[in-house]
$ cat run-v2.csv   # CSV, C-alpha atoms (C1' of nucleotides)
chain,number,residue,atom,x,y,z
A,895,MET,CA,-99.4,31.2,-41.4
A,896,THR,CA,-97.1,34.2,-41.6
A,897,SER,CA,-93.5,33.5,-42.4
A,898,ARG,CA,-90.6,35.0,-40.6
A,899,LEU,CA,-89.7,37.2,-43.5
A,900,GLU,CA,-93.2,38.2,-44.2
A,901,ALA,CA,-93.5,39.5,-40.6
A,902,LEU,CA,-90.2,41.4,-41.1
A,903,CYS,CA,-91.6,42.9,-44.3
A,904,MET,CA,-94.7,44.1,-42.6
A,905,GLU,CA,-92.6,45.6,-39.9
A,906,LYS,CA,-90.8,47.5,-42.5
A,907,GLY,CA,-94.0,48.8,-44.0
A,908,LEU,CA,-93.8,47.0,-47.3
A,909,LYS,CA,-97.0,46.4,-49.1
A,910,MET,CA,-97.8,42.7,-48.8
A,911,THR,CA,-99.0,41.1,-52.0
A,912,GLY,CA,-99.7,37.5,-52.7
A,913,GLN,CA,-96.4,37.1,-54.6
A,914,ARG,CA,-94.4,38.8,-51.9
A,915,ARG,CA,-95.9,36.5,-49.3
A,916,VAL,CA,-95.0,33.5,-51.3
A,917,ILE,CA,-91.4,34.7,-51.9
A,918,SER,CA,-91.0,35.5,-48.3
A,919,GLN,CA,-92.1,32.1,-47.4
A,920,VAL,CA,-89.7,30.5,-49.8
A,921,LEU,CA,-86.9,32.5,-48.4
A,922,SER,CA,-87.8,31.8,-44.8
A,923,GLU,CA,-87.8,28.1,-45.5
A,924,ALA,CA,-84.5,28.1,-47.4
A,925,ASP,CA,-81.4,27.1,-45.5
A,926,ASP,CA,-79.2,27.4,-48.5
A,927,HIS,CA,-78.2,30.3,-50.9
A,928,PRO,CA,-80.6,30.1,-53.8
A,929,ASP,CA,-80.3,32.2,-56.9
A,930,VAL,CA,-83.2,34.0,-58.4
A,931,GLU,CA,-84.1,31.2,-60.7
A,932,GLU,CA,-84.2,28.8,-57.8
A,933,VAL,CA,-86.4,31.1,-55.7
A,934,HIS,CA,-88.7,31.3,-58.7
A,935,ARG,CA,-88.8,27.6,-59.1
A,936,ARG,CA,-89.7,27.1,-55.5
A,937,ALA,CA,-92.2,30.0,-55.5
A,938,VAL,CA,-94.0,28.6,-58.5
A,939,GLN,CA,-94.6,25.3,-56.7
A,940,ILE,CA,-96.6,27.3,-54.1
A,941,ASP,CA,-98.3,29.6,-56.6
A,942,PRO,CA,-97.8,29.1,-60.3
A,943,ARG,CA,-98.7,32.6,-61.3
A,944,ILE,CA,-95.5,34.2,-60.2
A,945,SER,CA,-93.3,35.5,-62.9
A,946,ILE,CA,-89.5,35.6,-62.8
A,947,ALA,CA,-89.6,39.4,-63.2
A,948,THR,CA,-91.5,39.7,-60.0
A,949,VAL,CA,-89.0,37.5,-58.2
A,950,TYR,CA,-86.2,39.8,-59.5
A,951,ARG,CA,-88.1,42.9,-58.3
A,952,THR,CA,-88.9,41.4,-55.0
A,953,MET,CA,-85.4,40.3,-54.3
A,954,ARG,CA,-84.1,43.7,-54.9
A,955,LEU,CA,-86.8,45.2,-52.8
A,956,LEU,CA,-86.0,42.9,-49.9
A,957,GLU,CA,-82.3,43.6,-50.4
A,958,ASP,CA,-82.9,47.3,-50.2
A,959,ALA,CA,-85.0,46.8,-47.1
A,960,GLN,CA,-82.1,44.8,-45.7
A,961,VAL,CA,-84.3,41.8,-45.2
A,962,ILE,CA,-82.0,39.6,-47.3
A,963,GLU,CA,-78.5,40.0,-48.4
A,964,ARG,CA,-77.0,39.4,-51.8
A,965,VAL,CA,-74.1,37.0,-51.9
A,966,ASP,CA,-71.8,37.2,-54.9
A,967,LEU,CA,-70.0,33.9,-55.2
A,968,GLY,CA,-68.4,34.8,-58.6
A,969,ASP,CA,-70.5,32.4,-60.5
A,970,GLY,CA,-72.2,35.1,-62.6
A,971,ARG,CA,-75.6,35.2,-60.8
A,972,ALA,CA,-76.8,36.7,-57.5
A,973,ARG,CA,-77.5,34.4,-54.6
A,974,TYR,CA,-79.3,35.4,-51.4
A,975,GLU,CA,-79.5,34.7,-47.8
A,976,GLU,CA,-81.5,36.1,-44.9
A,977,ALA,CA,-79.8,39.2,-43.4
A,978,THR,CA,-78.1,38.5,-40.2
A,979,ALA,CA,-76.7,40.8,-37.5
A,980,ASP,CA,-73.3,39.2,-37.4
A,981,HIS,CA,-70.9,39.4,-40.3
A,982,HIS,CA,-69.9,36.1,-41.7
A,983,HIS,CA,-68.2,34.7,-44.7
A,984,HIS,CA,-68.4,31.6,-47.0
A,985,LEU,CA,-66.4,28.6,-47.6
A,986,ILE,CA,-67.4,26.9,-50.9
A,987,ASP,CA,-66.8,23.2,-51.3
A,988,THR,CA,-65.6,23.1,-54.9
A,989,ARG,CA,-66.5,19.4,-55.2
A,990,THR,CA,-70.1,19.7,-54.2
A,991,GLY,CA,-70.9,23.4,-54.3
A,992,ARG,CA,-71.9,23.2,-50.6
A,993,ILE,CA,-71.5,26.5,-48.9
A,994,ILE,CA,-70.4,26.7,-45.3
A,995,GLU,CA,-70.8,29.8,-43.3
A,996,PHE,CA,-68.2,30.9,-40.8
A,997,ALA,CA,-67.4,33.9,-38.7
A,998,SER,CA,-64.2,35.0,-37.1
A,999,PRO,CA,-63.8,38.0,-34.8
A,1000,GLU,CA,-60.0,37.7,-35.2
A,1001,LEU,CA,-60.3,37.9,-38.9
A,1002,GLU,CA,-62.6,41.0,-38.6
A,1003,ALA,CA,-60.1,42.7,-36.3
A,1004,MET,CA,-57.3,41.9,-38.7
A,1005,LYS,CA,-59.2,43.4,-41.6
A,1006,GLU,CA,-59.9,46.5,-39.6
A,1007,ARG,CA,-56.2,46.8,-38.8
A,1008,ILE,CA,-55.1,46.4,-42.3
A,1009,ALA,CA,-57.5,48.9,-43.6
A,1010,HIS,CA,-56.5,51.4,-40.9
A,1011,GLU,CA,-52.8,51.0,-41.7
A,1012,LEU,CA,-53.7,51.8,-45.3
A,1013,GLY,CA,-55.5,54.9,-44.2
A,1014,TYR,CA,-59.0,53.6,-44.7
A,1015,LYS,CA,-62.2,53.0,-42.8
A,1016,ILE,CA,-64.0,49.8,-43.8
A,1017,VAL,CA,-67.5,50.2,-45.2
A,1018,GLY,CA,-67.8,46.7,-46.5
A,1019,HIS,CA,-65.9,43.6,-47.2
A,1020,ARG,CA,-66.2,40.1,-48.5
A,1021,LEU,CA,-64.2,36.9,-48.1
A,1022,GLU,CA,-64.7,33.7,-49.8
A,1023,ILE,CA,-62.6,30.6,-49.4
A,1024,TYR,CA,-62.8,27.8,-52.0
A,1025,GLY,CA,-61.7,24.4,-50.7
A,1026,VAL,CA,-62.0,20.7,-50.8
A,1027,PRO,CA,-62.6,18.4,-47.8
A,1028,LEU,CA,-59.4,17.3,-46.1
A,1029,ASP,CA,-60.2,13.6,-46.3
A,1030,ASP,CA,-61.1,13.9,-50.0
A,1031,ALA,CA,-57.9,15.7,-50.6
A,1032,ALA,CA,-56.0,13.0,-48.8
A,1033,ASP,CA,-57.7,10.4,-51.0
A,1034,CYS,CA,-56.7,12.2,-54.1
A,1035,ALA,CA,-53.6,10.2,-54.9
A,1036,ARG,CA,-55.2,6.8,-54.5
A,1037,ASP,CA,-58.9,7.3,-55.0
A,1038,GLU,CA,-61.4,6.1,-56.1
A,1039,GLU,CA,-64.4,5.8,-53.8
A,1040,GLU,CA,-67.7,7.6,-53.8
A,1041,ARG,CA,-68.6,10.0,-51.0
A,1042,PRO,CA,-71.7,9.4,-49.0
B,1151,MET,CA,-39.6,46.8,-78.5
B,1152,THR,CA,-40.9,43.7,-76.9
B,1153,SER,CA,-43.1,44.2,-73.9
B,1154,ARG,CA,-42.8,42.3,-70.7
B,1155,LEU,CA,-45.9,40.3,-71.3
B,1156,GLU,CA,-45.1,39.7,-74.9
B,1157,ALA,CA,-41.8,38.0,-73.8
B,1158,LEU,CA,-43.8,35.9,-71.4
B,1159,CYS,CA,-46.2,34.9,-74.0
B,1160,MET,CA,-43.4,33.8,-76.3
B,1161,GLU,CA,-41.9,31.8,-73.5
B,1162,LYS,CA,-45.1,30.0,-73.1
B,1163,GLY,CA,-45.2,29.2,-76.8
B,1164,LEU,CA,-48.1,31.3,-77.8
B,1165,LYS,CA,-48.4,32.4,-81.4
B,1166,MET,CA,-47.7,36.1,-81.4
B,1167,THR,CA,-50.0,38.1,-83.7
B,1168,GLY,CA,-50.0,41.8,-84.1
B,1169,GLN,CA,-53.1,42.1,-81.9
B,1170,ARG,CA,-51.6,40.0,-79.2
B,1171,ARG,CA,-48.5,42.1,-79.2
B,1172,VAL,CA,-50.5,45.3,-78.8
B,1173,ILE,CA,-52.7,43.8,-76.1
B,1174,SER,CA,-49.6,42.6,-74.3
B,1175,GLN,CA,-48.1,46.0,-74.5
B,1176,VAL,CA,-51.2,47.6,-73.1
B,1177,LEU,CA,-51.3,45.2,-70.2
B,1178,SER,CA,-47.6,45.6,-69.6
B,1179,GLU,CA,-48.0,49.4,-69.3
B,1180,ALA,CA,-51.1,49.3,-67.2
B,1181,ASP,CA,-50.7,49.9,-63.5
B,1182,ASP,CA,-54.4,49.7,-62.7
B,1183,HIS,CA,-57.0,47.0,-63.1
B,1184,PRO,CA,-58.6,47.6,-66.5
B,1185,ASP,CA,-61.7,45.8,-67.7
B,1186,VAL,CA,-61.9,44.4,-71.2
B,1187,GLU,CA,-63.5,47.5,-72.7
B,1188,GLU,CA,-60.7,49.7,-71.2
B,1189,VAL,CA,-58.0,47.4,-72.6
B,1190,HIS,CA,-59.7,47.6,-76.0
B,1191,ARG,CA,-59.9,51.4,-75.8
B,1192,ARG,CA,-56.2,51.5,-75.1
B,1193,ALA,CA,-55.3,48.9,-77.7
B,1194,VAL,CA,-57.2,50.7,-80.4
B,1195,GLN,CA,-55.1,53.8,-79.8
B,1196,ILE,CA,-52.1,51.8,-80.8
B,1197,ASP,CA,-53.7,49.9,-83.6
B,1198,PRO,CA,-57.3,50.7,-84.6
B,1199,ARG,CA,-58.0,47.4,-86.3
B,1200,ILE,CA,-58.4,45.4,-83.1
B,1201,SER,CA,-61.9,44.2,-82.3
B,1202,ILE,CA,-63.4,43.8,-78.9
B,1203,ALA,CA,-63.9,40.1,-79.6
B,1204,THR,CA,-60.2,39.6,-80.0
B,1205,VAL,CA,-59.5,41.4,-76.7
B,1206,TYR,CA,-62.0,39.1,-75.0
B,1207,ARG,CA,-60.4,36.1,-76.6
B,1208,THR,CA,-56.9,37.2,-75.8
B,1209,MET,CA,-57.7,38.0,-72.2
B,1210,ARG,CA,-59.0,34.5,-71.7
B,1211,LEU,CA,-55.9,33.1,-73.5
B,1212,LEU,CA,-53.6,35.0,-71.2
B,1213,GLU,CA,-55.6,34.1,-68.2
B,1214,ASP,CA,-55.4,30.4,-69.1
B,1215,ALA,CA,-51.7,30.7,-69.7
B,1216,GLN,CA,-51.5,32.4,-66.3
B,1217,VAL,CA,-49.9,35.5,-67.7
B,1218,ILE,CA,-52.7,37.6,-66.2
B,1219,GLU,CA,-55.2,37.2,-63.5
B,1220,ARG,CA,-58.9,37.9,-63.5
B,1221,VAL,CA,-60.1,40.1,-60.6
B,1222,ASP,CA,-63.7,40.0,-59.8
B,1223,LEU,CA,-64.6,43.2,-57.9
B,1224,GLY,CA,-68.3,42.5,-58.0
B,1225,ASP,CA,-69.1,45.3,-60.4
B,1226,GLY,CA,-70.4,42.9,-63.1
B,1227,ARG,CA,-67.4,42.9,-65.4
B,1228,ALA,CA,-64.0,41.2,-65.3
B,1229,ARG,CA,-60.9,43.2,-64.5
B,1230,TYR,CA,-57.4,42.0,-65.0
B,1231,GLU,CA,-53.9,42.4,-63.5
B,1232,GLU,CA,-50.6,40.9,-64.3
B,1233,ALA,CA,-50.1,37.5,-62.6
B,1234,THR,CA,-47.8,37.7,-59.6
B,1235,ALA,CA,-46.2,35.0,-57.5
B,1236,ASP,CA,-47.5,36.4,-54.2
B,1237,HIS,CA,-51.1,36.3,-53.2
B,1238,HIS,CA,-52.6,39.7,-52.5
B,1239,HIS,CA,-55.9,41.2,-52.1
B,1240,HIS,CA,-57.7,44.5,-52.9
B,1241,LEU,CA,-59.0,47.4,-51.0
B,1242,ILE,CA,-61.4,49.4,-53.1
B,1243,ASP,CA,-61.9,53.1,-52.3
B,1244,THR,CA,-65.6,53.5,-52.7
B,1245,ARG,CA,-65.3,57.2,-53.3
B,1246,THR,CA,-62.9,57.2,-56.1
B,1247,GLY,CA,-62.8,53.6,-57.2
B,1248,ARG,CA,-59.1,53.5,-56.6
B,1249,ILE,CA,-57.8,50.0,-55.9
B,1250,ILE,CA,-55.0,49.4,-53.4
B,1251,GLU,CA,-53.3,46.1,-53.3
B,1252,PHE,CA,-52.1,44.6,-50.1
B,1253,ALA,CA,-50.8,41.3,-48.8
B,1254,SER,CA,-50.8,39.9,-45.3
B,1255,PRO,CA,-49.1,36.6,-44.4
B,1256,GLU,CA,-51.0,36.7,-41.1
B,1257,LEU,CA,-54.3,36.9,-42.9
B,1258,GLU,CA,-53.2,34.0,-45.2
B,1259,ALA,CA,-52.3,31.9,-42.1
B,1260,MET,CA,-55.6,32.7,-40.4
B,1261,LYS,CA,-57.5,31.6,-43.5
B,1262,GLU,CA,-55.6,28.4,-43.6
B,1263,ARG,CA,-56.4,27.8,-40.0
B,1264,ILE,CA,-60.1,28.5,-40.4
B,1265,ALA,CA,-60.4,26.3,-43.4
B,1266,HIS,CA,-58.6,23.5,-41.6
B,1267,GLU,CA,-60.8,23.8,-38.6
B,1268,LEU,CA,-63.8,23.3,-40.9
B,1269,GLY,CA,-62.1,20.3,-42.4
B,1270,TYR,CA,-61.1,21.8,-45.6
B,1271,LYS,CA,-58.0,22.4,-47.7
B,1272,ILE,CA,-57.9,25.7,-49.5
B,1273,VAL,CA,-57.8,25.7,-53.2
B,1274,GLY,CA,-58.5,29.4,-53.7
B,1275,HIS,CA,-59.8,32.4,-51.9
B,1276,ARG,CA,-60.5,36.0,-52.3
B,1277,LEU,CA,-60.9,39.0,-50.1
B,1278,GLU,CA,-62.0,42.5,-50.9
B,1279,ILE,CA,-62.3,45.4,-48.5
B,1280,TYR,CA,-64.4,48.4,-49.4
B,1281,GLY,CA,-63.5,51.5,-47.6
B,1282,VAL,CA,-63.3,55.3,-47.5
B,1283,PRO,CA,-60.2,57.4,-46.6
B,1284,LEU,CA,-59.9,58.0,-42.9
B,1285,ASP,CA,-59.7,61.8,-43.4
B,1286,ASP,CA,-62.8,61.8,-45.6
B,1287,ALA,CA,-64.5,59.6,-43.1
B,1288,ALA,CA,-63.8,62.1,-40.4
B,1289,ASP,CA,-65.6,64.8,-42.5
B,1290,CYS,CA,-68.9,63.1,-42.3
B,1291,ALA,CA,-68.3,61.6,-38.9
B,1292,ARG,CA,-71.2,63.5,-37.3
B,1293,ASP,CA,-73.6,61.6,-39.6
B,1294,GLU,CA,-72.4,58.2,-38.7
B,1295,GLU,CA,-71.3,58.9,-35.1
B,1296,GLU,CA,-74.1,56.8,-33.6
B,1297,ARG,CA,-73.5,53.9,-35.8
B,1298,PRO,CA,-71.2,51.1,-34.5
C,748,DC,C1',-42.4,31.5,-100.6
C,749,DT,C1',-46.2,28.7,-99.8
C,750,DG,C1',-50.0,26.0,-97.5
C,751,DG,C1',-52.8,25.1,-94.0
C,752,DG,C1',-54.1,25.5,-89.3
C,753,DA,C1',-54.6,29.2,-86.0
C,754,DT,C1',-56.5,33.8,-85.5
C,755,DT,C1',-59.4,37.7,-86.5
C,756,DG,C1',-63.5,40.8,-87.4
C,757,DC,C1',-68.1,40.9,-87.7
C,758,DG,C1',-72.5,40.3,-86.2
C,759,DA,C1',-75.6,37.3,-84.1
C,760,DA,C1',-76.4,34.6,-79.8
C,761,DC,C1',-76.2,34.1,-75.0
C,762,DG,C1',-77.4,34.3,-69.9
C,763,DG,C1',-78.6,37.0,-66.2
C,764,DT,C1',-80.9,41.1,-65.1
C,765,DT,C1',-83.8,45.4,-65.8
C,766,DT,C1',-87.3,47.9,-67.9
C,767,DT,C1',-91.6,49.1,-70.4
C,768,DC,C1',-96.3,49.0,-70.6
C,769,DA,C1',-100.9,47.8,-70.1
C,770,DG,C1',-103.7,45.4,-67.0
C,771,DT,C1',-104.6,44.1,-61.9
C,772,DA,C1',-104.5,44.0,-57.0
C,773,DT,C1',-103.8,46.5,-52.6
C,774,DG,C1',-105.1,49.0,-48.6
C,775,DA,C1',-106.3,53.8,-47.3
C,776,DT,C1',-110.4,56.3,-47.4
C,777,DG,C1',-115.3,57.8,-47.3
D,1125,DC,C1',-118.0,47.7,-47.7
D,1126,DA,C1',-117.4,50.0,-52.1
D,1127,DT,C1',-114.3,53.3,-54.3
D,1128,DC,C1',-110.0,54.8,-56.1
D,1129,DA,C1',-105.3,56.4,-56.5
D,1130,DT,C1',-101.4,54.0,-56.4
D,1131,DA,C1',-98.3,50.5,-56.4
D,1132,DC,C1',-97.6,46.0,-58.2
D,1133,DT,C1',-97.6,42.3,-61.7
D,1134,DG,C1',-96.8,39.5,-66.2
D,1135,DA,C1',-95.0,39.2,-70.6
D,1136,DA,C1',-92.0,40.6,-73.8
D,1137,DA,C1',-88.4,43.6,-75.1
D,1138,DA,C1',-84.3,45.9,-73.9
D,1139,DC,C1',-79.8,45.7,-71.8
D,1140,DC,C1',-75.0,44.6,-70.8
D,1141,DG,C1',-71.0,42.0,-70.6
D,1142,DT,C1',-69.4,38.0,-72.8
D,1143,DT,C1',-69.1,34.1,-76.2
D,1144,DC,C1',-69.8,32.0,-80.6
D,1145,DG,C1',-70.1,30.9,-85.8
D,1146,DC,C1',-68.2,31.8,-89.9
D,1147,DA,C1',-65.7,33.5,-93.8
D,1148,DA,C1',-61.6,36.1,-94.5
D,1149,DT,C1',-56.9,36.7,-93.1
D,1150,DC,C1',-52.5,35.9,-90.8
D,1151,DC,C1',-48.4,33.4,-89.0
D,1152,DC,C1',-44.7,30.6,-89.5
D,1153,DA,C1',-42.9,25.6,-90.4
D,1154,DG,C1',-41.5,23.6,-94.3

$ encode --input "run-v2.csv" --output "structure tokens"
Amino acid sequence: MTSRLEALCMEKGLKMTGQRRVISQVLSEADDHPDVEEVHRRAVQIDPRISIATVYRTMRLLEDAQVIERVDLGDGRARYEEATADHHHHLIDTRTGRIIEFASPELEAMKERIAHELGYKIVGHRLEIYGVPLDDAADCARDEEERP
Amino acid sequence: MTSRLEALCMEKGLKMTGQRRVISQVLSEADDHPDVEEVHRRAVQIDPRISIATVYRTMRLLEDAQVIERVDLGDGRARYEEATADHHHHLIDTRTGRIIEFASPELEAMKERIAHELGYKIVGHRLEIYGVPLDDAADCARDEEERP
DNA sequence: CTGGGATTGCGAACGGTTTTCAGTATGATG
DNA sequence: CATCATACTGAAAACCGTTCGCAATCCCAG
């Protein structure tokens, strides 16, 4: 079967090799924000003859073709997600590493306004919030209990 | 003369070596966001016997002591600024690389609200806006006119 | 002044990423 | 369907910012 991203790649006229097909499949099935090593790990499970160099190259290719987007979470390695039409941001749970996506038109508008007041036109932006669950935070003083 | 940051370091009980004094001076005099190499370059001009390793070590020390703050602008290397009480963010001019600092209580409030709605308590956050000067943007408006 | 723990300079090591190069596969063409 | 130029791949080396190990050196409490 042809994965979502594979179809997108073909639309964009990219040459579809076996490795690219596998990587596209991995990315189509991912619902998280894997880094290159993780993508490679998953790809190798489908076809063991895929090298990490090819994954790096393919990620860049897909990024340039705007099929995927790089997410820099400040942890020293690039993470990726499928490109989406709507701009969104990330809230990172510092306890679990879980990443929650959110969007806020108000926030977008406010950023536009701030940039405009400074005499600038926005060409890109990025917002990350690091946080801990409210209930965990409440527990902090008198923990200890394990989270489900 | 004792630089602003040197005084701060002594307050915090850090052992003041010649190298640390020089690096403190460099950072006190900086009004930009230098990376480690740049700090080293400036430090060497004052005292040539300072190694890059010491600069790296000192930057980390000062960061841990909360004398300076690391700024990750996504360009692959760490940049630094003096620690300030008020939270602010950065607008990066993509033409010149100039960095403009700004703060917005409204924005802070909105982020708190968003995090709260998602069930989280904020422990950190970061916002960067990349932009081009409005007047420059007008120059090339005809190219981008049809883009939203 | 002096001694010993902290700090330094050097170079080697590191982790993520890119590149080089020789061999291989792709898909346009005949 | 075979051919072929071309683009792609794997493996290893190069890269780049950063950290580390170690012997020499420095700071400052005694």

$ interface_residues --input "run-v2.csv" --of "chain C" --to "chain B" --cutoff "12 Å" --atoms "only C-alpha atoms (C1' of nucleotides)" --output "NGL selection string"
:C and (752-758 or 763-764)

$ atom_distance --input "run-v2.csv" --atom1 "CA of Leu1223 (chain B)" --atom2 "CA of Arg992 (chain A)"
22.5 Å

$ calpha_fit_rmsd --input "run-v2.csv" --fixed "chain A" --moving "chain B"
4.0 Å

$ closest_atom_pairs --input "run-v2.csv" --of "chain D" --to "chain A" --cutoff "9 Å" --atoms "only C-alpha atoms (C1' of nucleotides)" --output "tab-separated table"
residue	atom	partner	partner_atom	distance
D:DA1131	C1'	A:Lys909	CA	8.5
D:DC1132	C1'	A:Thr911	CA	8.0
D:DT1133	C1'	A:Thr948	CA	6.8
D:DG1134	C1'	A:Ser945	CA	6.3
D:DA1135	C1'	A:Ser945	CA	8.7

$ atom_distance --input "run-v2.csv" --atom1 "CA of Val949 (chain A)" --atom2 "CA of Arg964 (chain A)"
13.7 Å

$ interface_residues --input "run-v2.csv" --of "chain B" --to "chain A" --cutoff "6 Å" --atoms "only C-alpha atoms" --output "list in words"
Gly1269, Tyr1270, Lys1271, Ile1272, Val1273, Gly1274, His1275, Arg1276, Leu1277, Glu1278, Ile1279, Tyr1280, Gly1281, Val1282, Pro1283 and Leu1284 of chain B

$ write_last_selection --input "run-v2.csv" --atoms "C-alpha atoms" --output "PDB file, in the frame of the given file"
ATOM      1  CA  GLY B1269     -62.100  20.300 -42.400  1.00  0.00           C
ATOM      2  CA  TYR B1270     -61.100  21.800 -45.600  1.00  0.00           C
ATOM      3  CA  LYS B1271     -58.000  22.400 -47.700  1.00  0.00           C
ATOM      4  CA  ILE B1272     -57.900  25.700 -49.500  1.00  0.00           C
ATOM      5  CA  VAL B1273     -57.800  25.700 -53.200  1.00  0.00           C
ATOM      6  CA  GLY B1274     -58.500  29.400 -53.700  1.00  0.00           C
ATOM      7  CA  HIS B1275     -59.800  32.400 -51.900  1.00  0.00           C
ATOM      8  CA  ARG B1276     -60.500  36.000 -52.300  1.00  0.00           C
ATOM      9  CA  LEU B1277     -60.900  39.000 -50.100  1.00  0.00           C
ATOM     10  CA  GLU B1278     -62.000  42.500 -50.900  1.00  0.00           C
ATOM     11  CA  ILE B1279     -62.300  45.400 -48.500  1.00  0.00           C
ATOM     12  CA  TYR B1280     -64.400  48.400 -49.400  1.00  0.00           C
ATOM     13  CA  GLY B1281     -63.500  51.500 -47.600  1.00  0.00           C
ATOM     14  CA  VAL B1282     -63.300  55.300 -47.500  1.00  0.00           C
ATOM     15  CA  PRO B1283     -60.200  57.400 -46.600  1.00  0.00           C
ATOM     16  CA  LEU B1284     -59.900  58.000 -42.900  1.00  0.00           C
TER      17      LEU B1284
END

$ atom_distance --input "run-v2.csv" --atom1 "CA of Arg914 (chain A)" --atom2 "C1' of DC1140 (chain D)"
27.7 Å

$ residues_around --input "run-v2.csv" --residues "DC748 (chain C)" --least-positions-apart "4" --cutoff "12 Å" --atoms "all atoms listed in the file" --output "number ranges by chain"
D: 1152-1154

$ write_last_selection --input "run-v2.csv" --atoms "C-alpha atoms (C1' of nucleotides)" --output "compact mmCIF listing (two decimals), keeping the file's coordinate frame"
# COMPACT_ATOMS: atom_id res chain seq x y z
C1' DC D 1152 -44.70 30.60 -89.50
C1' DA D 1153 -42.90 25.60 -90.40
C1' DG D 1154 -41.50 23.60 -94.30

$ residues_near_point --input "run-v2.csv" --point "(-105.2, 51.4, -47.0)" --cutoff "12 Å" --atoms "only C-alpha atoms (C1' of nucleotides)" --output "compact mmCIF listing (two decimals) with C-alpha atoms (C1' of nucleotides), in the frame of the given file"
# COMPACT_ATOMS: atom_id res chain seq x y z
CA GLY A 907 -94.00 48.80 -44.00
CA LYS A 909 -97.00 46.40 -49.10
CA MET A 910 -97.80 42.70 -48.80
C1' DT C 773 -103.80 46.50 -52.60
C1' DG C 774 -105.10 49.00 -48.60
C1' DA C 775 -106.30 53.80 -47.30
C1' DT C 776 -110.40 56.30 -47.40
C1' DG C 777 -115.30 57.80 -47.30
C1' DT D 1127 -114.30 53.30 -54.30
C1' DC D 1128 -110.00 54.80 -56.10
C1' DA D 1129 -105.30 56.40 -56.50
C1' DT D 1130 -101.40 54.00 -56.40
C1' DA D 1131 -98.30 50.50 -56.40

$ residues_around --input "run-v2.csv" --residues "DA1136 (chain D)" --least-positions-apart "2" --cutoff "10 Å" --atoms "only C-alpha atoms (C1' of nucleotides)" --output "list in words"
DT767 and DC768 of chain C; DG1134 and DA1138 of chain D
